[in-house]
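Trainee: See run15.cif below, with mmCIF, N, CA and C atoms.
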data_my_file
#
loop_
_atom_site.group_PDB
_atom_site.id
_atom_site.type_symbol
_atom_site.label_atom_id
_atom_site.label_comp_id
_atom_site.auth_asym_id
_atom_site.auth_seq_id
_atom_site.Cartn_x
_atom_site.Cartn_y
_atom_site.Cartn_z
ATOM 1 N N MET A 1 264.266 191.828 74.382
ATOM 2 C CA MET A 1 265.682 192.101 74.568
ATOM 3 C C MET A 1 265.874 193.594 74.787
ATOM 4 N N ALA A 2 266.693 193.936 75.759
ATOM 5 C CA ALA A 2 266.934 195.340 76.097
ATOM 6 C C ALA A 2 267.831 195.992 75.053
ATOM 7 N N LYS A 3 267.628 197.270 74.869
ATOM 8 C CA LYS A 3 268.448 198.014 73.928
ATOM 9 C C LYS A 3 269.868 198.129 74.474
ATOM 10 N N ALA A 4 270.848 198.004 73.595
ATOM 11 C CA ALA A 4 272.246 198.040 74.016
ATOM 12 C C ALA A 4 272.631 199.442 74.490
ATOM 13 N N ILE A 5 273.244 199.487 75.670
ATOM 14 C CA ILE A 5 273.757 200.728 76.230
ATOM 15 C C ILE A 5 275.237 200.501 76.489
ATOM 16 N N HIS A 6 276.069 201.446 76.110
ATOM 17 C CA HIS A 6 277.505 201.321 76.354
ATOM 18 C C HIS A 6 277.744 201.253 77.863
ATOM 19 N N PRO A 7 278.654 200.371 78.326
ATOM 20 C CA PRO A 7 278.864 200.214 79.772
ATOM 21 C C PRO A 7 279.188 201.502 80.511
ATOM 22 N N TYR A 8 279.879 202.429 79.863
ATOM 23 C CA TYR A 8 280.210 203.677 80.536
ATOM 24 C C TYR A 8 279.032 204.640 80.605
ATOM 25 N N GLN A 9 277.948 204.369 79.883
ATOM 26 C CA GLN A 9 276.744 205.200 79.966
ATOM 27 C C GLN A 9 275.749 204.669 80.996
ATOM 28 N N VAL A 10 275.957 203.437 81.470
ATOM 29 C CA VAL A 10 275.035 202.841 82.430
ATOM 30 C C VAL A 10 275.186 203.508 83.791
ATOM 31 N N LEU A 11 276.423 203.673 84.258
ATOM 32 C CA LEU A 11 276.669 204.256 85.576
ATOM 33 C C LEU A 11 276.603 205.770 85.499
ATOM 34 N N ILE A 12 275.782 206.384 86.348
ATOM 35 C CA ILE A 12 275.671 207.838 86.364
ATOM 36 C C ILE A 12 276.541 208.428 87.468
ATOM 37 N N ARG A 13 276.375 207.930 88.709
ATOM 38 C CA ARG A 13 277.199 208.424 89.812
ATOM 39 C C ARG A 13 277.122 207.443 90.966
ATOM 40 N N PRO A 14 278.153 207.406 91.808
ATOM 41 C CA PRO A 14 278.063 206.601 93.020
ATOM 42 C C PRO A 14 277.229 207.348 94.061
ATOM 43 N N LEU A 15 276.529 206.612 94.892
ATOM 44 C CA LEU A 15 275.741 207.209 95.963
ATOM 45 C C LEU A 15 276.537 207.114 97.251
ATOM 46 N N ILE A 16 276.971 208.258 97.745
ATOM 47 C CA ILE A 16 277.760 208.305 98.973
ATOM 48 C C ILE A 16 276.881 208.923 100.050
ATOM 49 N N THR A 17 276.186 208.054 100.758
ATOM 50 C CA THR A 17 275.310 208.467 101.834
ATOM 51 C C THR A 17 275.710 207.697 103.085
ATOM 52 N N GLU A 18 275.087 208.022 104.204
ATOM 53 C CA GLU A 18 275.400 207.317 105.441
ATOM 54 C C GLU A 18 275.052 205.832 105.322
ATOM 55 N N LYS A 19 273.909 205.536 104.744
ATOM 56 C CA LYS A 19 273.487 204.151 104.591
ATOM 57 C C LYS A 19 274.400 203.400 103.613
ATOM 58 N N ALA A 20 274.787 204.050 102.518
ATOM 59 C CA ALA A 20 275.666 203.410 101.540
ATOM 60 C C ALA A 20 277.054 203.162 102.125
ATOM 61 N N THR A 21 277.520 204.031 103.007
ATOM 62 C CA THR A 21 278.820 203.845 103.644
ATOM 63 C C THR A 21 278.795 202.638 104.580
ATOM 64 N N ILE A 22 277.694 202.435 105.268
ATOM 65 C CA ILE A 22 277.558 201.264 106.127
ATOM 66 C C ILE A 22 277.532 199.996 105.283
ATOM 67 N N LEU A 23 276.826 200.026 104.152
ATOM 68 C CA LEU A 23 276.770 198.869 103.255
ATOM 69 C C LEU A 23 278.137 198.541 102.664
ATOM 70 N N ALA A 24 278.976 199.565 102.455
ATOM 71 C CA ALA A 24 280.298 199.335 101.865
ATOM 72 C C ALA A 24 281.152 198.450 102.762
ATOM 73 N N GLY A 25 280.897 198.453 104.057
ATOM 74 C CA GLY A 25 281.618 197.569 104.965
ATOM 75 C C GLY A 25 281.302 196.104 104.713
ATOM 76 N N ASP A 26 280.135 195.824 104.122
ATOM 77 C CA ASP A 26 279.730 194.450 103.803
ATOM 78 C C ASP A 26 280.033 194.078 102.357
ATOM 79 N N GLY A 27 280.738 194.940 101.636
ATOM 80 C CA GLY A 27 281.059 194.652 100.235
ATOM 81 C C GLY A 27 279.936 194.994 99.275
ATOM 82 N N LYS A 28 279.020 195.886 99.692
ATOM 83 C CA LYS A 28 277.910 196.312 98.843
ATOM 84 C C LYS A 28 278.072 197.797 98.542
ATOM 85 N N TYR A 29 277.872 198.169 97.286
ATOM 86 C CA TYR A 29 278.060 199.548 96.851
ATOM 87 C C TYR A 29 276.824 200.011 96.096
ATOM 88 N N ALA A 30 276.442 201.278 96.288
ATOM 89 C CA ALA A 30 275.231 201.833 95.679
ATOM 90 C C ALA A 30 275.596 202.815 94.578
ATOM 91 N N PHE A 31 274.864 202.748 93.467
ATOM 92 C CA PHE A 31 275.081 203.620 92.318
ATOM 93 C C PHE A 31 273.745 204.098 91.782
ATOM 94 N N GLU A 32 273.744 205.296 91.212
ATOM 95 C CA GLU A 32 272.626 205.731 90.389
ATOM 96 C C GLU A 32 272.942 205.264 88.979
ATOM 97 N N VAL A 33 271.988 204.583 88.350
ATOM 98 C CA VAL A 33 272.219 204.020 87.023
ATOM 99 C C VAL A 33 271.157 204.521 86.058
ATOM 100 N N ASP A 34 271.397 204.299 84.773
ATOM 101 C CA ASP A 34 270.456 204.677 83.727
ATOM 102 C C ASP A 34 269.142 203.933 83.945
ATOM 103 N N THR A 35 268.023 204.618 83.766
ATOM 104 C CA THR A 35 266.723 204.000 84.018
ATOM 105 C C THR A 35 266.419 202.877 83.035
ATOM 106 N N ARG A 36 267.077 202.860 81.875
ATOM 107 C CA ARG A 36 266.828 201.819 80.880
ATOM 108 C C ARG A 36 267.685 200.580 81.113
ATOM 109 N N ALA A 37 268.660 200.657 82.021
ATOM 110 C CA ALA A 37 269.610 199.555 82.215
ATOM 111 C C ALA A 37 268.984 198.428 83.029
ATOM 112 N N ASN A 38 269.314 197.187 82.658
ATOM 113 C CA ASN A 38 268.859 196.043 83.439
ATOM 114 C C ASN A 38 270.021 195.534 84.296
ATOM 115 N N LYS A 39 269.770 194.479 85.068
ATOM 116 C CA LYS A 39 270.771 193.998 86.014
ATOM 117 C C LYS A 39 272.033 193.488 85.313
ATOM 118 N N ASN A 40 271.868 192.827 84.180
ATOM 119 C CA ASN A 40 273.039 192.325 83.456
ATOM 120 C C ASN A 40 273.921 193.463 82.950
ATOM 121 N N GLN A 41 273.295 194.528 82.457
ATOM 122 C CA GLN A 41 274.058 195.677 81.976
ATOM 123 C C GLN A 41 274.771 196.378 83.122
ATOM 124 N N VAL A 42 274.144 196.463 84.289
ATOM 125 C CA VAL A 42 274.786 197.074 85.453
ATOM 126 C C VAL A 42 275.986 196.224 85.872
ATOM 127 N N ARG A 43 275.823 194.906 85.894
ATOM 128 C CA ARG A 43 276.914 193.992 86.248
ATOM 129 C C ARG A 43 278.114 194.176 85.307
ATOM 130 N N GLN A 44 277.857 194.204 84.008
ATOM 131 C CA GLN A 44 278.944 194.375 83.045
ATOM 132 C C GLN A 44 279.629 195.731 83.212
ATOM 133 N N ALA A 45 278.844 196.780 83.458
ATOM 134 C CA ALA A 45 279.415 198.116 83.597
ATOM 135 C C ALA A 45 280.335 198.204 84.808
ATOM 136 N N ILE A 46 279.929 197.619 85.943
ATOM 137 C CA ILE A 46 280.751 197.641 87.157
ATOM 138 C C ILE A 46 282.026 196.839 86.937
ATOM 139 N N GLU A 47 281.906 195.667 86.324
ATOM 140 C CA GLU A 47 283.084 194.821 86.110
ATOM 141 C C GLU A 47 284.076 195.471 85.162
ATOM 142 N N VAL A 48 283.588 196.149 84.125
ATOM 143 C CA VAL A 48 284.486 196.823 83.171
ATOM 144 C C VAL A 48 285.113 198.067 83.789
ATOM 145 N N ALA A 49 284.318 198.870 84.498
ATOM 146 C CA ALA A 49 284.808 200.145 85.013
ATOM 147 C C ALA A 49 285.779 199.985 86.178
ATOM 148 N N PHE A 50 285.539 199.006 87.053
ATOM 149 C CA PHE A 50 286.336 198.913 88.277
ATOM 150 C C PHE A 50 287.163 197.639 88.384
ATOM 151 N N ASN A 51 287.074 196.745 87.400
ATOM 152 C CA ASN A 51 287.864 195.513 87.360
ATOM 153 C C ASN A 51 287.655 194.682 88.632
ATOM 154 N N VAL A 52 286.400 194.400 88.948
ATOM 155 C CA VAL A 52 286.023 193.603 90.111
ATOM 156 C C VAL A 52 285.045 192.516 89.665
ATOM 157 N N LYS A 53 284.780 191.553 90.537
ATOM 158 C CA LYS A 53 283.826 190.478 90.271
ATOM 159 C C LYS A 53 282.538 190.772 91.019
ATOM 160 N N VAL A 54 281.423 190.865 90.292
ATOM 161 C CA VAL A 54 280.119 191.164 90.875
ATOM 162 C C VAL A 54 279.371 189.859 91.123
ATOM 163 N N LEU A 55 278.914 189.669 92.356
ATOM 164 C CA LEU A 55 278.137 188.478 92.698
ATOM 165 C C LEU A 55 276.642 188.689 92.490
ATOM 166 N N LYS A 56 276.142 189.873 92.873
ATOM 167 C CA LYS A 56 274.701 190.104 92.855
ATOM 168 C C LYS A 56 274.407 191.575 92.590
ATOM 169 N N VAL A 57 273.292 191.826 91.899
ATOM 170 C CA VAL A 57 272.848 193.192 91.621
ATOM 171 C C VAL A 57 271.376 193.305 92.015
ATOM 172 N N ASN A 58 271.055 194.273 92.858
ATOM 173 C CA ASN A 58 269.674 194.592 93.203
ATOM 174 C C ASN A 58 269.380 195.981 92.657
ATOM 175 N N THR A 59 268.282 196.120 91.919
ATOM 176 C CA THR A 59 267.908 197.424 91.370
ATOM 177 C C THR A 59 266.548 197.832 91.910
ATOM 178 N N MET A 60 266.348 199.149 91.986
ATOM 179 C CA MET A 60 265.052 199.669 92.405
ATOM 180 C C MET A 60 264.809 201.003 91.724
ATOM 181 N N ASN A 61 263.556 201.231 91.355
ATOM 182 C CA ASN A 61 263.161 202.502 90.763
ATOM 183 C C ASN A 61 262.766 203.447 91.880
ATOM 184 N N MET A 62 263.410 204.613 91.904
ATOM 185 C CA MET A 62 263.150 205.610 92.931
ATOM 186 C C MET A 62 262.279 206.708 92.323
ATOM 187 N N HIS A 63 261.212 207.056 93.011
ATOM 188 C CA HIS A 63 260.333 208.115 92.533
ATOM 189 C C HIS A 63 260.892 209.460 92.954
ATOM 190 N N GLY A 64 260.788 210.443 92.056
ATOM 191 C CA GLY A 64 261.290 211.773 92.345
ATOM 192 C C GLY A 64 260.500 212.440 93.459
ATOM 193 N N LYS A 65 261.219 213.204 94.275
ATOM 194 C CA LYS A 65 260.573 213.876 95.397
ATOM 195 C C LYS A 65 259.766 215.073 94.918
ATOM 196 N N ARG A 66 258.715 215.371 95.650
ATOM 197 C CA ARG A 66 257.873 216.521 95.349
ATOM 198 C C ARG A 66 258.472 217.758 95.999
ATOM 199 N N ARG A 67 258.641 218.799 95.233
ATOM 200 C CA ARG A 67 259.246 220.042 95.727
ATOM 201 C C ARG A 67 258.247 221.189 95.561
ATOM 202 N N ARG A 68 258.401 222.181 96.423
ATOM 203 C CA ARG A 68 257.532 223.341 96.335
ATOM 204 C C ARG A 68 258.370 224.570 96.030
ATOM 205 N N THR A 69 257.949 225.336 95.032
ATOM 206 C CA THR A 69 258.565 226.602 94.685
ATOM 207 C C THR A 69 257.460 227.643 94.670
ATOM 208 N N GLY A 70 257.420 228.459 95.710
ATOM 209 C CA GLY A 70 256.336 229.428 95.803
ATOM 210 C C GLY A 70 255.010 228.702 95.997
ATOM 211 N N MET A 71 254.077 228.958 95.095
ATOM 212 C CA MET A 71 252.771 228.309 95.191
ATOM 213 C C MET A 71 252.693 227.047 94.351
ATOM 214 N N ARG A 72 253.729 226.755 93.605
ATOM 215 C CA ARG A 72 253.688 225.616 92.685
ATOM 216 C C ARG A 72 254.421 224.418 93.241
ATOM 217 N N TYR A 73 253.939 223.237 92.886
ATOM 218 C CA TYR A 73 254.604 221.993 93.232
ATOM 219 C C TYR A 73 255.200 221.399 91.962
ATOM 220 N N THR A 74 256.419 220.936 92.066
ATOM 221 C CA THR A 74 257.052 220.233 90.959
ATOM 222 C C THR A 74 257.581 218.903 91.491
ATOM 223 N N THR A 75 257.894 218.017 90.592
ATOM 224 C CA THR A 75 258.407 216.714 90.975
ATOM 225 C C THR A 75 259.768 216.510 90.338
ATOM 226 N N ALA A 76 260.744 216.101 91.138
ATOM 227 C CA ALA A 76 262.062 215.773 90.613
ATOM 228 C C ALA A 76 261.923 214.525 89.740
ATOM 229 N N PRO A 77 262.806 214.338 88.777
ATOM 230 C CA PRO A 77 262.678 213.178 87.898
ATOM 231 C C PRO A 77 262.894 211.858 88.643
ATOM 232 N N ASP A 78 262.237 210.802 88.146
ATOM 233 C CA ASP A 78 262.443 209.471 88.684
ATOM 234 C C ASP A 78 263.826 208.973 88.269
ATOM 235 N N TRP A 79 264.403 208.073 89.082
ATOM 236 C CA TRP A 79 265.730 207.552 88.782
ATOM 237 C C TRP A 79 265.826 206.122 89.278
ATOM 238 N N LYS A 80 266.909 205.450 88.893
ATOM 239 C CA LYS A 80 267.091 204.052 89.261
ATOM 240 C C LYS A 80 268.336 203.899 90.111
ATOM 241 N N LYS A 81 268.208 203.106 91.193
ATOM 242 C CA LYS A 81 269.325 202.837 92.086
ATOM 243 C C LYS A 81 269.703 201.375 91.960
ATOM 244 N N ALA A 82 271.013 201.094 91.995
ATOM 245 C CA ALA A 82 271.499 199.715 91.977
ATOM 246 C C ALA A 82 272.419 199.505 93.168
ATOM 247 N N ILE A 83 272.203 198.407 93.890
ATOM 248 C CA ILE A 83 273.100 198.014 94.975
ATOM 249 C C ILE A 83 273.825 196.764 94.499
ATOM 250 N N VAL A 84 275.144 196.864 94.429
ATOM 251 C CA VAL A 84 275.983 195.823 93.833
ATOM 252 C C VAL A 84 276.765 195.128 94.942
ATOM 253 N N THR A 85 276.706 193.794 94.980
ATOM 254 C CA THR A 85 277.469 193.004 95.939
ATOM 255 C C THR A 85 278.692 192.445 95.221
ATOM 256 N N LEU A 86 279.872 192.713 95.780
ATOM 257 C CA LEU A 86 281.116 192.263 95.164
ATOM 258 C C LEU A 86 281.614 190.971 95.807
ATOM 259 N N ALA A 87 282.501 190.287 95.089
ATOM 260 C CA ALA A 87 283.111 189.067 95.612
ATOM 261 C C ALA A 87 283.999 189.409 96.803
ATOM 262 N N GLU A 88 284.249 188.416 97.638
ATOM 263 C CA GLU A 88 285.074 188.598 98.841
ATOM 264 C C GLU A 88 286.460 189.106 98.460
ATOM 265 N N GLY A 89 286.898 190.183 99.090
ATOM 266 C CA GLY A 89 288.227 190.738 98.833
ATOM 267 C C GLY A 89 288.255 191.854 97.807
ATOM 268 N N ASP A 90 287.202 192.011 96.996
ATOM 269 C CA ASP A 90 287.153 193.094 96.011
ATOM 270 C C ASP A 90 286.599 194.357 96.660
ATOM 271 N N THR A 91 287.176 195.503 96.297
ATOM 272 C CA THR A 91 286.682 196.788 96.784
ATOM 273 C C THR A 91 286.703 197.786 95.629
ATOM 274 N N ILE A 92 285.961 198.865 95.795
ATOM 275 C CA ILE A 92 285.960 199.974 94.837
ATOM 276 C C ILE A 92 286.599 201.155 95.545
ATOM 277 N N GLU A 93 287.660 201.700 94.986
ATOM 278 C CA GLU A 93 288.482 202.704 95.665
ATOM 279 C C GLU A 93 287.772 204.024 95.891
ATOM 280 N N ILE A 94 286.799 204.389 95.056
ATOM 281 C CA ILE A 94 286.163 205.701 95.221
ATOM 282 C C ILE A 94 285.372 205.783 96.520
ATOM 283 N N PHE A 95 285.038 204.643 97.113
ATOM 284 C CA PHE A 95 284.282 204.645 98.358
ATOM 285 C C PHE A 95 285.195 204.587 99.579
ATOM 286 N N GLU A 96 286.477 204.331 99.395
ATOM 287 C CA GLU A 96 287.378 204.194 100.516
ATOM 288 C C GLU A 96 287.717 205.552 101.099
ATOM 289 N N GLY A 97 287.795 205.660 102.407
ATOM 290 C CA GLY A 97 288.180 206.897 103.059
ATOM 291 C C GLY A 97 287.075 207.924 103.162
ATOM 292 N N VAL A 98 285.831 207.505 102.945
ATOM 293 C CA VAL A 98 284.706 208.444 103.024
ATOM 294 C C VAL A 98 284.142 208.416 104.426
#
How would this structure read if it were set down as structure tokens?
Mentor:
Amino acid sequence: MAKAIHPYQVLIRPLITEKATILAGDGKYAFEVDTRANKNQVRQAIEVAFNVKVLKVNTMNMHGKRRRTGMRYTTAPDWKKAIVTLAEGDTIEIFEGV
């Protein structure tokens, strides 16, 4: 059983990219979420925060990019992305007008 995370701690930020904007036309929205969160916790967090009905949640672990500073290489931290599919007619306002 996963450790309980408060729904407002699951969502870190919305991902507003060119690809995510195209997906928003199909009722799919992308978020950066807590790495410990599972699909059920992401579903509950979206439904509580935005008052919408979630049909499906796809999650993926993203590896941090390798960066170079002078002669040294560092790696950005790993993070988790969630793509959420909403019910027909539901939208999230923060993505509108982007």
Trainee: Which residues come within 6 Å of Ile12 of chain A, counting only N, CA and C atoms, excluding same-chain residues fewer than 4 positions away, as a PyMOL selection string?
Mentor: chain A and resi 32-34
Trainee: My list of candidates is A:Tyr8, A:Phe31, A:His63, A:Arg72. Which is closest to Ala49 of chain A when distances are computed with all atoms listed in the file?
Mentor: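 Under the stated criterion, the closest residue is A:Tyr8.
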Trainee: Would you please extract all alpha helix (DSSP H) residues from segment 7-76 of chain A, as assigned by DSSP on the backbone, and give them as a PyMOL selection string?
Mentor: chain A and resi 7-10+18-24+39-50
Trainee: Once the PyMOL selection byres ((chain A and resi 86-90) around 5) is applied to the coordinates I shared, what remains selected? I want it as a list of chain:residue names.
Mentor: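 Listing what the PyMOL selection byres ((chain A and resi 86-90) around 5) selects in the shown file: A:Gly27, A:Lys53, A:Val54, A:Leu55, A:Val84, A:Thr85, A:Thr91, A:Ile92.
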Trainee: So that I can see what lies close to Gly64 of chain A, please list as an MDAnalysis selection string the residues with an atom at most 9 Å from it, counting only C-alpha atoms and leaving out residues fewer than 4 positions away in the same chain.
Mentor: chainID A and resid 75:79
Trainee: Just the selected residues (N, CA and C atoms), exported as a compact mmCIF listing (two decimals), in the frame of the given file, please.
Mentor:
# COMPACT_ATOMS: atom_id res chain seq x y z
N THR A 75 257.89 218.02 90.59
CA THR A 75 258.41 216.71 90.98
C THR A 75 259.77 216.51 90.34
N ALA A 76 260.74 216.10 91.14
CA ALA A 76 262.06 215.77 90.61
C ALA A 76 261.92 214.52 89.74
N PRO A 77 262.81 214.34 88.78
CA PRO A 77 262.68 213.18 87.90
C PRO A 77 262.89 211.86 88.64
N ASP A 78 262.24 210.80 88.15
CA ASP A 78 262.44 209.47 88.68
C ASP A 78 263.83 208.97 88.27
N TRP A 79 264.40 208.07 89.08
CA TRP A 79 265.73 207.55 88.78
C TRP A 79 265.83 206.12 89.28
Trainee: Hey, can you check how far atom CA of Leu15 of chain A sits from atom CA of Lys80 of chain A?
Mentor: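 Distance reported for this atom pair: 11.4 Å.
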